[in-house]
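Below is the file run01.txt, which contains compact mmCIF, C-alpha atoms and all ligand atoms.
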```txt
# COMPACT_ATOMS: atom_id res chain seq x y z
CA MET T 1 0.00 0.00 0.00
CA GLU T 2 1.34 3.44 -0.95
CA SER T 3 1.99 5.85 1.89
CA GLY T 4 -0.40 8.78 2.04
CA LYS T 5 -3.22 6.60 0.81
CA LEU T 6 -4.49 5.34 4.14
CA ALA T 7 -7.00 8.16 4.64
CA SER T 8 -8.62 7.38 1.30
CA PHE T 9 -10.19 4.27 2.88
CA PHE T 10 -12.09 6.44 5.36
CA GLU T 11 -15.35 8.27 4.76
CA GLU T 12 -16.59 11.15 6.84
CA ASP T 13 -20.05 9.69 7.41
CA LEU T 14 -18.44 6.47 8.67
CA CYS T 15 -16.58 8.17 11.52
CA LEU T 16 -18.38 8.12 14.86
CA PHE T 17 -16.61 10.40 17.33
CA SER T 18 -18.96 9.78 20.24
CA LEU T 19 -19.97 6.15 20.61
CA ARG T 20 -22.65 5.77 23.28
CA SER T 21 -22.46 2.05 24.07
CA ARG T 22 -20.78 0.71 27.18
CA LYS T 23 -20.51 -3.02 26.41
CA LYS T 24 -18.72 -5.17 23.85
CA ASN T 25 -21.74 -6.47 21.95
CA SER T 26 -23.63 -3.21 22.09
CA VAL T 27 -20.73 -1.20 20.70
CA LEU T 28 -20.44 -3.65 17.81
CA GLN T 29 -24.19 -3.31 17.31
CA GLU T 30 -24.01 0.49 17.37
CA MET T 31 -21.35 0.53 14.64
CA VAL T 32 -23.07 -2.12 12.52
CA ARG T 33 -26.40 -0.32 12.79
CA HIS T 34 -24.73 2.81 11.48
CA LEU T 35 -23.33 0.88 8.50
CA ASN T 36 -26.83 -0.38 7.81
CA LYS T 37 -28.42 3.06 8.14
CA THR T 38 -25.91 4.52 5.71
CA GLY T 39 -26.53 1.69 3.22
CA ARG T 40 -23.08 0.09 3.39
CA ILE T 41 -24.27 -3.40 4.30
CA SER T 42 -27.20 -5.47 3.09
CA ASP T 43 -28.00 -7.14 6.40
CA GLU T 44 -27.24 -6.12 9.99
CA GLN T 45 -27.69 -9.56 11.48
CA PHE T 46 -25.17 -11.35 9.24
CA ILE T 47 -22.50 -8.75 9.98
CA MET T 48 -23.18 -8.93 13.72
CA GLU T 49 -22.98 -12.71 13.75
CA MET T 50 -19.74 -12.62 11.77
CA LEU T 51 -18.15 -10.04 14.09
CA LYS T 52 -19.22 -11.93 17.21
CA ASN T 53 -17.79 -15.14 15.77
CA ARG T 54 -14.57 -13.30 15.01
CA GLU T 55 -14.35 -12.17 18.63
CA SER T 56 -14.83 -15.75 19.81
CA LEU T 57 -11.81 -16.71 17.74
CA GLY T 58 -9.83 -14.17 19.80
CA SER T 59 -10.45 -10.58 20.88
CA THR T 60 -9.60 -8.01 18.22
CA GLY T 61 -8.70 -5.61 21.04
CA LEU T 62 -4.94 -5.52 20.52
CA GLY T 63 -4.26 -3.36 23.57
CA MET T 64 -3.32 0.29 24.12
CA GLY T 65 -7.02 1.19 23.90
CA VAL T 66 -7.48 0.16 20.27
CA ALA T 67 -9.55 -2.64 18.68
CA PHE T 68 -9.83 -3.83 15.09
CA PRO T 69 -13.06 -5.81 14.69
CA HIS T 70 -12.87 -7.27 11.19
CA GLY T 71 -13.93 -9.99 8.84
CA ARG T 72 -15.42 -11.01 5.52
CA SER T 73 -19.13 -11.48 4.83
CA LEU T 74 -21.58 -12.00 2.01
CA ALA T 75 -23.47 -8.99 3.35
CA ILE T 76 -20.79 -6.50 2.27
CA GLN T 77 -19.89 -5.69 -1.33
CA LYS T 78 -16.68 -3.70 -0.95
CA LEU T 79 -13.90 -3.05 1.54
CA THR T 80 -15.35 -0.68 4.15
CA VAL T 81 -13.87 0.94 7.26
CA LEU T 82 -15.71 2.57 10.12
CA PHE T 83 -13.87 4.64 12.73
CA GLY T 84 -15.39 4.80 16.19
CA TYR T 85 -14.35 6.65 19.33
CA SER T 86 -15.62 6.11 22.86
CA SER T 87 -14.51 8.64 25.48
CA SER T 88 -15.42 6.38 28.40
CA GLY T 89 -13.74 3.29 26.96
CA ILE T 90 -15.28 -0.17 26.65
CA ASP T 91 -14.28 -3.50 28.16
CA PHE T 92 -13.57 -5.41 24.95
CA GLY T 93 -11.60 -8.31 26.39
CA ALA T 94 -8.44 -6.68 25.03
CA LEU T 95 -5.15 -8.53 25.30
CA ASP T 96 -3.79 -6.05 27.88
CA GLY T 97 -7.12 -5.91 29.74
CA LYS T 98 -7.43 -2.17 29.17
CA PRO T 99 -10.67 -0.54 28.01
CA VAL T 100 -10.93 0.28 24.31
CA ASN T 101 -11.48 3.87 23.15
CA ILE T 102 -10.68 3.54 19.46
CA PHE T 103 -12.32 1.15 17.00
CA PHE T 104 -11.33 0.50 13.44
CA LEU T 105 -14.09 -1.74 12.09
CA ILE T 106 -13.02 -3.35 8.82
CA LEU T 107 -15.36 -5.34 6.57
CA ALA T 108 -14.46 -7.09 3.33
CA PRO T 109 -16.45 -9.15 0.83
CA SER T 110 -16.34 -12.96 1.07
CA ASP T 111 -15.69 -13.68 -2.57
CA LYS T 112 -12.36 -11.86 -2.57
CA GLY T 113 -9.33 -13.17 -0.69
CA ALA T 114 -8.26 -12.20 2.84
CA GLU T 115 -5.52 -10.00 1.35
CA THR T 116 -8.25 -7.43 0.55
CA TYR T 117 -8.30 -6.35 4.16
CA LEU T 118 -5.02 -7.70 5.59
CA ALA T 119 -2.91 -4.96 3.99
CA LEU T 120 -5.18 -2.23 5.37
CA LEU T 121 -5.25 -3.85 8.80
CA SER T 122 -1.49 -4.04 8.90
CA GLU T 123 -1.10 -0.37 7.85
CA LEU T 124 -3.49 0.75 10.58
CA ILE T 125 -1.69 -1.29 13.21
CA GLY T 126 1.52 0.38 12.05
CA VAL T 127 -0.07 3.77 12.79
CA ILE T 128 -1.14 2.93 16.35
CA GLN T 129 2.28 1.52 17.12
CA LYS T 130 3.70 5.03 16.79
CA PRO T 131 3.20 6.60 20.25
CA ASP T 132 2.79 10.17 18.96
CA LYS T 133 0.14 9.10 16.44
CA LEU T 134 -1.69 7.02 19.02
CA ASN T 135 -1.73 10.00 21.41
CA LYS T 136 -3.21 12.18 18.71
CA LEU T 137 -5.80 9.55 17.76
CA MET T 138 -6.92 9.43 21.39
CA LYS T 139 -7.83 13.11 21.11
CA VAL T 140 -9.21 13.18 17.58
CA ARG T 141 -12.72 14.67 17.26
CA ASP T 142 -13.14 15.48 13.59
CA PHE T 143 -12.62 13.86 10.20
CA LYS T 144 -9.99 16.31 8.95
CA SER T 145 -7.68 15.72 11.93
CA LEU T 146 -8.21 11.96 11.60
CA THR T 147 -7.09 11.91 7.97
CA GLU T 148 -4.10 14.13 8.81
CA ILE T 149 -2.98 11.71 11.51
CA LEU T 150 -3.45 8.71 9.21
CA ASP T 151 -1.56 10.23 6.34
CA GLY T 152 1.19 11.66 8.44
CA LYS T 153 0.58 15.37 7.92
CA GLU T 154 1.12 16.62 11.45
CA MET J 1 -35.66 -14.18 2.92
CA ARG J 2 -36.32 -17.80 3.75
CA GLU J 3 -34.74 -19.14 6.93
CA GLU J 4 -32.76 -21.79 5.00
CA PHE J 5 -31.07 -19.11 2.90
CA ARG J 6 -30.18 -17.15 6.01
CA LEU J 7 -28.66 -20.24 7.60
CA LEU J 8 -26.60 -20.96 4.48
CA ILE J 9 -25.31 -17.38 4.39
CA GLY J 10 -24.33 -17.59 8.06
CA LEU J 11 -22.63 -20.91 7.38
CA GLN J 12 -20.74 -19.45 4.42
CA ASP J 13 -19.51 -16.49 6.50
CA ILE J 14 -18.26 -18.73 9.29
CA ASP J 15 -16.61 -21.12 6.82
CA VAL J 16 -14.67 -18.23 5.28
CA MET J 17 -13.45 -17.34 8.77
CA ILE J 18 -12.50 -20.92 9.66
CA LYS J 19 -10.61 -21.24 6.38
CA GLU J 20 -8.66 -18.06 7.15
CA ALA J 21 -7.85 -19.21 10.68
CA LYS J 22 -6.61 -22.55 9.32
CA ASP J 23 -4.70 -21.05 6.40
CA LYS J 24 -1.01 -20.99 7.37
CA SER J 25 -0.05 -17.74 5.69
CA THR J 26 -3.18 -15.78 6.69
CA SER J 27 -3.09 -16.91 10.31
CA LYS J 28 0.65 -16.23 10.50
CA GLU J 29 0.10 -12.73 9.16
CA LEU J 30 -2.67 -12.05 11.69
CA GLN J 31 -0.59 -13.42 14.55
CA GLU J 32 2.36 -11.27 13.55
CA MET J 33 0.05 -8.26 13.75
CA GLY J 34 -0.70 -9.26 17.34
CA PHE J 35 -4.00 -11.16 17.04
CA GLN J 36 -4.46 -14.34 19.04
CA LEU J 37 -6.43 -16.97 17.18
CA THR J 38 -7.12 -19.37 20.02
CA GLY J 39 -10.86 -19.90 19.68
CA LEU J 40 -11.01 -22.13 16.60
CA GLU J 41 -12.92 -24.72 18.60
CA GLU J 42 -15.55 -22.12 19.50
CA LEU J 43 -15.96 -21.36 15.80
CA GLN J 44 -16.37 -25.03 14.96
CA LYS J 45 -19.08 -25.29 17.63
CA ALA J 46 -20.90 -22.25 16.21
CA ARG J 47 -20.62 -23.78 12.74
CA LYS J 48 -22.13 -27.06 13.88
CA LYS J 49 -25.03 -25.22 15.51
CA ILE J 50 -25.91 -23.62 12.17
CA ALA J 51 -25.25 -26.72 10.05
CA ASP J 52 -27.52 -28.86 12.27
CA LYS J 53 -30.47 -26.63 11.39
CA ILE J 54 -30.03 -26.97 7.61
CA PRO J 55 -31.90 -29.77 5.79
CA PRO J 56 -29.32 -32.50 5.01
CA SER J 57 -29.86 -32.47 1.22
CA LEU J 58 -29.28 -28.71 1.05
CA LEU J 59 -26.28 -28.93 3.37
CA ASN J 60 -24.84 -31.65 1.21
CA ARG J 61 -25.23 -29.50 -1.90
CA TYR J 62 -23.55 -26.59 -0.14
CA GLU J 63 -20.64 -28.73 1.11
CA LYS J 64 -19.94 -30.06 -2.38
CA LEU J 65 -19.87 -26.54 -3.83
CA ALA J 66 -17.77 -25.29 -0.90
CA ASP J 67 -15.11 -27.87 -1.79
CA HIS J 68 -14.70 -26.23 -5.20
CA PHE J 69 -15.29 -22.53 -4.68
CA THR J 70 -14.25 -19.79 -2.24
CA VAL J 71 -17.96 -19.12 -1.80
CA ALA J 72 -20.72 -21.62 -2.53
CA ILE J 73 -23.56 -19.14 -2.14
CA LEU J 74 -23.65 -15.61 -3.51
CA PRO J 75 -25.99 -12.62 -3.61
CA VAL J 76 -27.17 -11.45 -7.03
CA PRO J 77 -27.16 -7.67 -6.97
CA GLY J 78 -27.48 -7.19 -10.73
CA ASN J 79 -28.18 -9.56 -13.58
CA MET J 80 -25.13 -11.78 -13.44
CA CYS J 81 -23.65 -14.50 -11.30
CA LEU J 82 -20.73 -12.89 -9.46
CA GLY J 83 -19.10 -16.28 -9.17
CA CYS J 84 -18.59 -16.95 -12.88
CA PHE J 85 -19.73 -13.61 -14.39
CA VAL J 86 -22.26 -15.20 -16.68
CA LYS J 87 -25.47 -13.25 -17.37
CA LEU J 88 -28.51 -14.89 -15.82
CA PRO J 89 -31.53 -15.60 -18.02
CA THR J 90 -34.72 -13.55 -17.46
CA SER J 91 -36.50 -16.72 -16.38
CA PHE J 92 -34.09 -16.74 -13.46
CA PHE J 93 -35.56 -13.55 -12.07
CA SER J 94 -39.18 -14.59 -12.35
CA SER J 95 -38.43 -17.57 -10.15
CA ALA J 96 -36.05 -15.56 -7.94
CA TYR J 97 -38.88 -13.49 -6.55
CA SER J 98 -40.87 -16.57 -5.75
CA HIS J 99 -38.30 -17.19 -2.99
CA GLU J 100 -36.81 -20.29 -4.46
CA LEU J 101 -33.19 -21.06 -3.76
CA LEU J 102 -31.59 -20.60 -7.15
CA THR J 103 -28.66 -22.11 -8.91
CA CYS J 104 -26.40 -20.59 -11.55
CA GLU J 105 -26.81 -22.85 -14.57
CA ASN J 106 -23.24 -22.15 -15.60
CA CYS J 107 -21.22 -22.78 -12.44
CA GLY J 108 -23.74 -24.38 -10.09
CA ARG J 109 -23.32 -21.91 -7.23
CA LEU J 110 -26.32 -21.20 -5.03
CA LEU J 111 -27.72 -17.71 -5.56
CA TYR J 112 -30.07 -15.41 -3.66
CA ILE J 113 -31.51 -11.95 -4.10
CA PRO J 114 -30.26 -9.84 -1.15
ZN ZN T 201 -22.19 -18.83 -11.96
```
Take the structure in the file and write it out as structure tokens.
Amino acid sequence: MESGKLASFFEEDLCLFSLRSRKKNSVLQEMVRHLNKTGRISDEQFIMEMLKNRESLGSTGLGMGVAFPHGRSLAIQKLTVLFGYSSSGIDFGALDGKPVNIFFLILAPSDKGAETYLALLSELIGVIQKPDKLNKLMKVRDFKSLTEILDGKE
Amino acid sequence: MREEFRLLIGLQDIDVMIKEAKDKSTSKELQEMGFQLTGLEELQKARKKIADKIPPSLLNRYEKLADHFTVAILPVPGNMCLGCFVKLPTSFFSSAYSHELLTCENCGRLLYIP
């Protein structure tokens, strides 16, 4: 993936800067419902089931307050990313036990290979591994700042 | 949508996930990113729960297709099969809306209108 292209995967109406949910399943539901409302998915229930199954394979909360719920489903036609922020933090069963504030929800179609989303996932993990970027993400409240952090214009 | 179709779609989604978790290069990549993939058994249990609800003849048809293709069942958003990219005949659509489970005459994949 070319550098400077990461922000192009994000859409302003798919960035939720004030998630209301307090629990693991309800925060997934809140994000999935938004994808449904904005016409990105063809069925809420299939996506929810898929994401819950993915969590049972192992929590996608990688620690440091960030989670990457992801997977492929027949109910999504193209690679889609939703950014979500929770100020209170949510117990997501993260590997370090810390509450999760930042969610990168990544959905990819079933009929394409896993590589469709793996490259994006790996780029995003690269971003949060940079302490200064992670600090900024923890304070991000608008789309413009988010894309600037992602694409390195600081 | 008929319950059987919904079950097949759920089964297809979980099978894609199981395949990824079992695939050496995909699972290695995910683990290197920091993900722990320890719940494969849980996934298998969830799969069985769905599969048990599907009529055996339909399940059998699905399993055979799943051996050949990445996905055995596909939505039809337009007028072609997205598995083999062959245009579907108009007769296909008249039966599609009668809630039948459809088959692509070219590749054999199961099709549904989302
Ligand atoms: Zn076909």
* Asked: Which is closer to chain J than all the others in T:Ile149, T:Leu6, T:Leu134, T:Ile47, using all atoms listed in the file?
  ->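 Among the listed residues, the smallest separation from chain J belongs to T:Ile47.
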* Do a neighbour search on range 66-75 of chain J at 6 Å with all atoms listed in the file, toss out local chain neighbours closer than 5 positions, and write the hits as a list in words. => Asp111 of chain T; Arg109, Leu110, Leu111, Tyr112, Ile113 and Pro114 of chain J
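The residues sitting within 10 Å of ligand ZN 201 (chain T), with only C-alpha atoms and all ligand atoms considered, come out as J:Ala72, J:Ile73, J:Leu74, J:Met80, J:Cys81, J:Leu82, J:Gly83, J:Cys84, J:Phe85, J:Val86, J:Lys87, J:Leu88, J:Thr103, J:Cys104, J:Glu105, J:Asn106, J:Cys107, J:Gly108, J:Arg109, J:Leu110, J:Leu111.
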* Asked: Hey, can you check how far CA of Leu82 in chain T sits from CA of Leu105 in chain T?
  -> 5.0 Å
* Is there a way to get, as a ChimeraX atom specification, all residues within 12 Å of the point (-26.3, 0.3, 15.0) in file coordinates, counting only C-alpha atoms? -> /T:14,16,19-21,25-39,41,43-45,47-48,82,84
* Asked: For chain J, which residues have at least one atom within 7 Å of chain T, if we go by only C-alpha atoms? Write them as a ChimeraX atom specification, please.
  -> /J:9-10,13-14,16,33-40,42-43,70-71,74,114
* If you measure from CA of Phe92 in chain J to CA of Arg6 in chain J, what distance in Å do you get, rounded to one decimal? -> 19.9 Å
* How far is it from CA of Asp91 in chain T to CA of Lys23 in chain T, in Å with one decimal? ->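 Taking CA of Asp91 in chain T as the start and CA of Lys23 in chain T as the end point, the length is 6.5 Å.
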* Asked: Residues at most 12 Å from Lys49 in chain J, counting only C-alpha atoms, excluding those fewer than 2 positions away in the same chain, as JSON, numbers by chain?
  -> {"J": [7, 8, 10, 11, 14, 42, 43, 44, 45, 46, 47, 51, 52, 53, 54]}
Writer output for current selection, C-alpha atoms, as a compact mmCIF listing (two decimals), in the frame of the given file:
```txt
# COMPACT_ATOMS: atom_id res chain seq x y z
CA LEU J 7 -28.66 -20.24 7.60
CA LEU J 8 -26.60 -20.96 4.48
CA GLY J 10 -24.33 -17.59 8.06
CA LEU J 11 -22.63 -20.91 7.38
CA ILE J 14 -18.26 -18.73 9.29
CA GLU J 42 -15.55 -22.12 19.50
CA LEU J 43 -15.96 -21.36 15.80
CA GLN J 44 -16.37 -25.03 14.96
CA LYS J 45 -19.08 -25.29 17.63
CA ALA J 46 -20.90 -22.25 16.21
CA ARG J 47 -20.62 -23.78 12.74
CA ALA J 51 -25.25 -26.72 10.05
CA ASP J 52 -27.52 -28.86 12.27
CA LYS J 53 -30.47 -26.63 11.39
CA ILE J 54 -30.03 -26.97 7.61
```
* Distance query Thr147 in chain T at most 7 Å, only C-alpha atoms, self and fewer than 4 positions along chain excluded, as a list in words ->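 Near neighbours after the sequence-gap exclusion: Ala7, Phe143 and Asp151 of chain T.
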Restricting the output to C-alpha atoms, write the selected residues as a JSON list (two decimals), in the frame of the given file.
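Once written, selection33.json looks like this:
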```json
[["chain", "number", "residue", "atom", "x", "y", "z"],
["T", 7, "ALA", "CA", -7.00, 8.16, 4.64],
["T", 143, "PHE", "CA", -12.62, 13.86, 10.20],
["T", 151, "ASP", "CA", -1.56, 10.23, 6.34]]
```
* With all atoms listed in the file as the basis for distance, which of T:Ile102, T:Ala108, T:Val66, T:Leu120 is at the shortest distance from Lys78 in chain T? ->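 Under the stated criterion, the closest residue is T:Ala108.
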Around all the atoms of range 10-13 of chain J listed in the file, draw an axis-aligned box and extend it by 8 Å on each of the six sides; I want its centre and edge lengths in Å to one decimal, as lines of an AutoDock Vina configuration file.
```
center_x = -21.9
center_y = -18.7
center_z = 6.2
size_x = 20.8
size_y = 20.4
size_z = 19.6
```
* Asked: If we count all atoms listed in the file, what is near Asp132 in chain T at a cut-off of 12 Å, once residues fewer than 6 positions away on the same chain are taken out, given as a PyMOL selection string?
  -> chain T and resi 138-139+149-150+152+154
Restricted to C-alpha atoms, what would the selected residues look like written as a PDB file, in the frame of the given file?
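Listed below is the output, part_5.pdb:
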```pdb
ATOM      1  CA  MET T 138      -6.920   9.430  21.390  1.00  0.00           C
ATOM      2  CA  LYS T 139      -7.830  13.110  21.110  1.00  0.00           C
ATOM      3  CA  ILE T 149      -2.980  11.710  11.510  1.00  0.00           C
ATOM      4  CA  LEU T 150      -3.450   8.710   9.210  1.00  0.00           C
ATOM      5  CA  GLY T 152       1.190  11.660   8.440  1.00  0.00           C
ATOM      6  CA  GLU T 154       1.120  16.620  11.450  1.00  0.00           C
TER       7      GLU T 154
END
```
Since the input is missing atoms, can you rebuild all heavy atoms for range 139-150 of chain T and write them as a short mmCIF file (atom, residue, chain, number, x, y, z; two decimals), in the coordinates of the input?
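In the end it all went to result02.cif:
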```
data_model
loop_
_atom_site.label_atom_id
_atom_site.label_comp_id
_atom_site.auth_asym_id
_atom_site.auth_seq_id
_atom_site.Cartn_x
_atom_site.Cartn_y
_atom_site.Cartn_z
N LYS T 139 -7.20 11.79 20.91
CA LYS T 139 -7.83 13.11 21.11
C LYS T 139 -8.60 13.57 19.88
O LYS T 139 -9.17 14.67 19.87
CB LYS T 139 -6.74 14.14 21.43
CG LYS T 139 -6.08 13.92 22.77
CD LYS T 139 -4.90 14.87 22.93
CE LYS T 139 -3.95 14.36 23.99
NZ LYS T 139 -2.53 14.48 23.61
N VAL T 140 -8.62 12.74 18.85
CA VAL T 140 -9.21 13.18 17.58
C VAL T 140 -10.74 13.32 17.68
O VAL T 140 -11.41 12.49 18.27
CB VAL T 140 -8.80 12.24 16.41
CG1 VAL T 140 -9.53 10.92 16.47
CG2 VAL T 140 -9.02 12.90 15.07
N ARG T 141 -11.27 14.44 17.17
CA ARG T 141 -12.72 14.67 17.26
C ARG T 141 -13.34 15.08 15.93
O ARG T 141 -14.51 15.40 15.86
CB ARG T 141 -13.04 15.77 18.29
CG ARG T 141 -12.65 15.48 19.70
CD ARG T 141 -13.41 14.27 20.28
NE ARG T 141 -12.90 13.97 21.60
CZ ARG T 141 -11.86 13.18 21.83
NH1 ARG T 141 -11.25 12.58 20.84
NH2 ARG T 141 -11.43 12.97 23.04
N ASP T 142 -12.55 15.13 14.88
CA ASP T 142 -13.14 15.48 13.59
C ASP T 142 -12.41 14.76 12.46
O ASP T 142 -11.27 14.31 12.61
CB ASP T 142 -13.15 16.99 13.34
CG ASP T 142 -11.76 17.55 13.28
OD1 ASP T 142 -11.15 17.53 12.19
OD2 ASP T 142 -11.25 18.01 14.33
N PHE T 143 -13.10 14.65 11.33
CA PHE T 143 -12.62 13.86 10.20
C PHE T 143 -11.30 14.38 9.63
O PHE T 143 -10.40 13.61 9.31
CB PHE T 143 -13.70 13.85 9.11
CG PHE T 143 -13.36 12.97 7.92
CD1 PHE T 143 -13.24 11.60 8.07
CD2 PHE T 143 -13.16 13.52 6.67
CE1 PHE T 143 -12.93 10.78 6.99
CE2 PHE T 143 -12.83 12.72 5.58
CZ PHE T 143 -12.73 11.34 5.74
N LYS T 144 -11.19 15.71 9.55
CA LYS T 144 -9.99 16.31 8.95
C LYS T 144 -8.74 15.94 9.77
O LYS T 144 -7.73 15.50 9.22
CB LYS T 144 -10.15 17.83 8.90
CG LYS T 144 -9.11 18.51 8.04
CD LYS T 144 -9.44 20.00 7.83
CE LYS T 144 -8.29 20.73 7.20
NZ LYS T 144 -7.22 21.04 8.16
N SER T 145 -8.83 16.07 11.09
CA SER T 145 -7.68 15.72 11.93
C SER T 145 -7.37 14.23 11.81
O SER T 145 -6.20 13.83 11.78
CB SER T 145 -7.93 16.03 13.39
OG SER T 145 -8.73 17.15 13.56
N LEU T 146 -8.42 13.41 11.72
CA LEU T 146 -8.21 11.96 11.60
C LEU T 146 -7.40 11.64 10.34
O LEU T 146 -6.41 10.91 10.40
CB LEU T 146 -9.56 11.23 11.57
CG LEU T 146 -9.50 9.73 11.31
CD1 LEU T 146 -8.81 8.99 12.46
CD2 LEU T 146 -10.89 9.14 11.09
N THR T 147 -7.80 12.21 9.22
CA THR T 147 -7.09 11.91 7.97
C THR T 147 -5.66 12.46 8.02
O THR T 147 -4.75 11.85 7.48
CB THR T 147 -7.82 12.50 6.75
OG1 THR T 147 -8.00 13.90 6.92
CG2 THR T 147 -9.16 11.84 6.53
N GLU T 148 -5.46 13.57 8.70
CA GLU T 148 -4.10 14.13 8.81
C GLU T 148 -3.20 13.20 9.64
O GLU T 148 -2.04 12.99 9.31
CB GLU T 148 -4.15 15.53 9.43
CG GLU T 148 -4.57 16.55 8.36
CD GLU T 148 -4.88 17.93 8.94
OE1 GLU T 148 -4.70 18.12 10.18
OE2 GLU T 148 -5.31 18.80 8.17
N ILE T 149 -3.77 12.64 10.69
CA ILE T 149 -2.98 11.71 11.51
C ILE T 149 -2.65 10.47 10.70
O ILE T 149 -1.51 10.01 10.67
CB ILE T 149 -3.74 11.31 12.80
CG1 ILE T 149 -4.00 12.52 13.67
CG2 ILE T 149 -2.96 10.24 13.57
CD1 ILE T 149 -5.04 12.29 14.77
N LEU T 150 -3.64 9.95 9.98
CA LEU T 150 -3.45 8.71 9.21
C LEU T 150 -2.42 8.90 8.11
O LEU T 150 -1.60 8.03 7.85
CB LEU T 150 -4.78 8.24 8.62
CG LEU T 150 -5.84 7.78 9.62
CD1 LEU T 150 -7.16 7.54 8.91
CD2 LEU T 150 -5.39 6.52 10.33
#
```
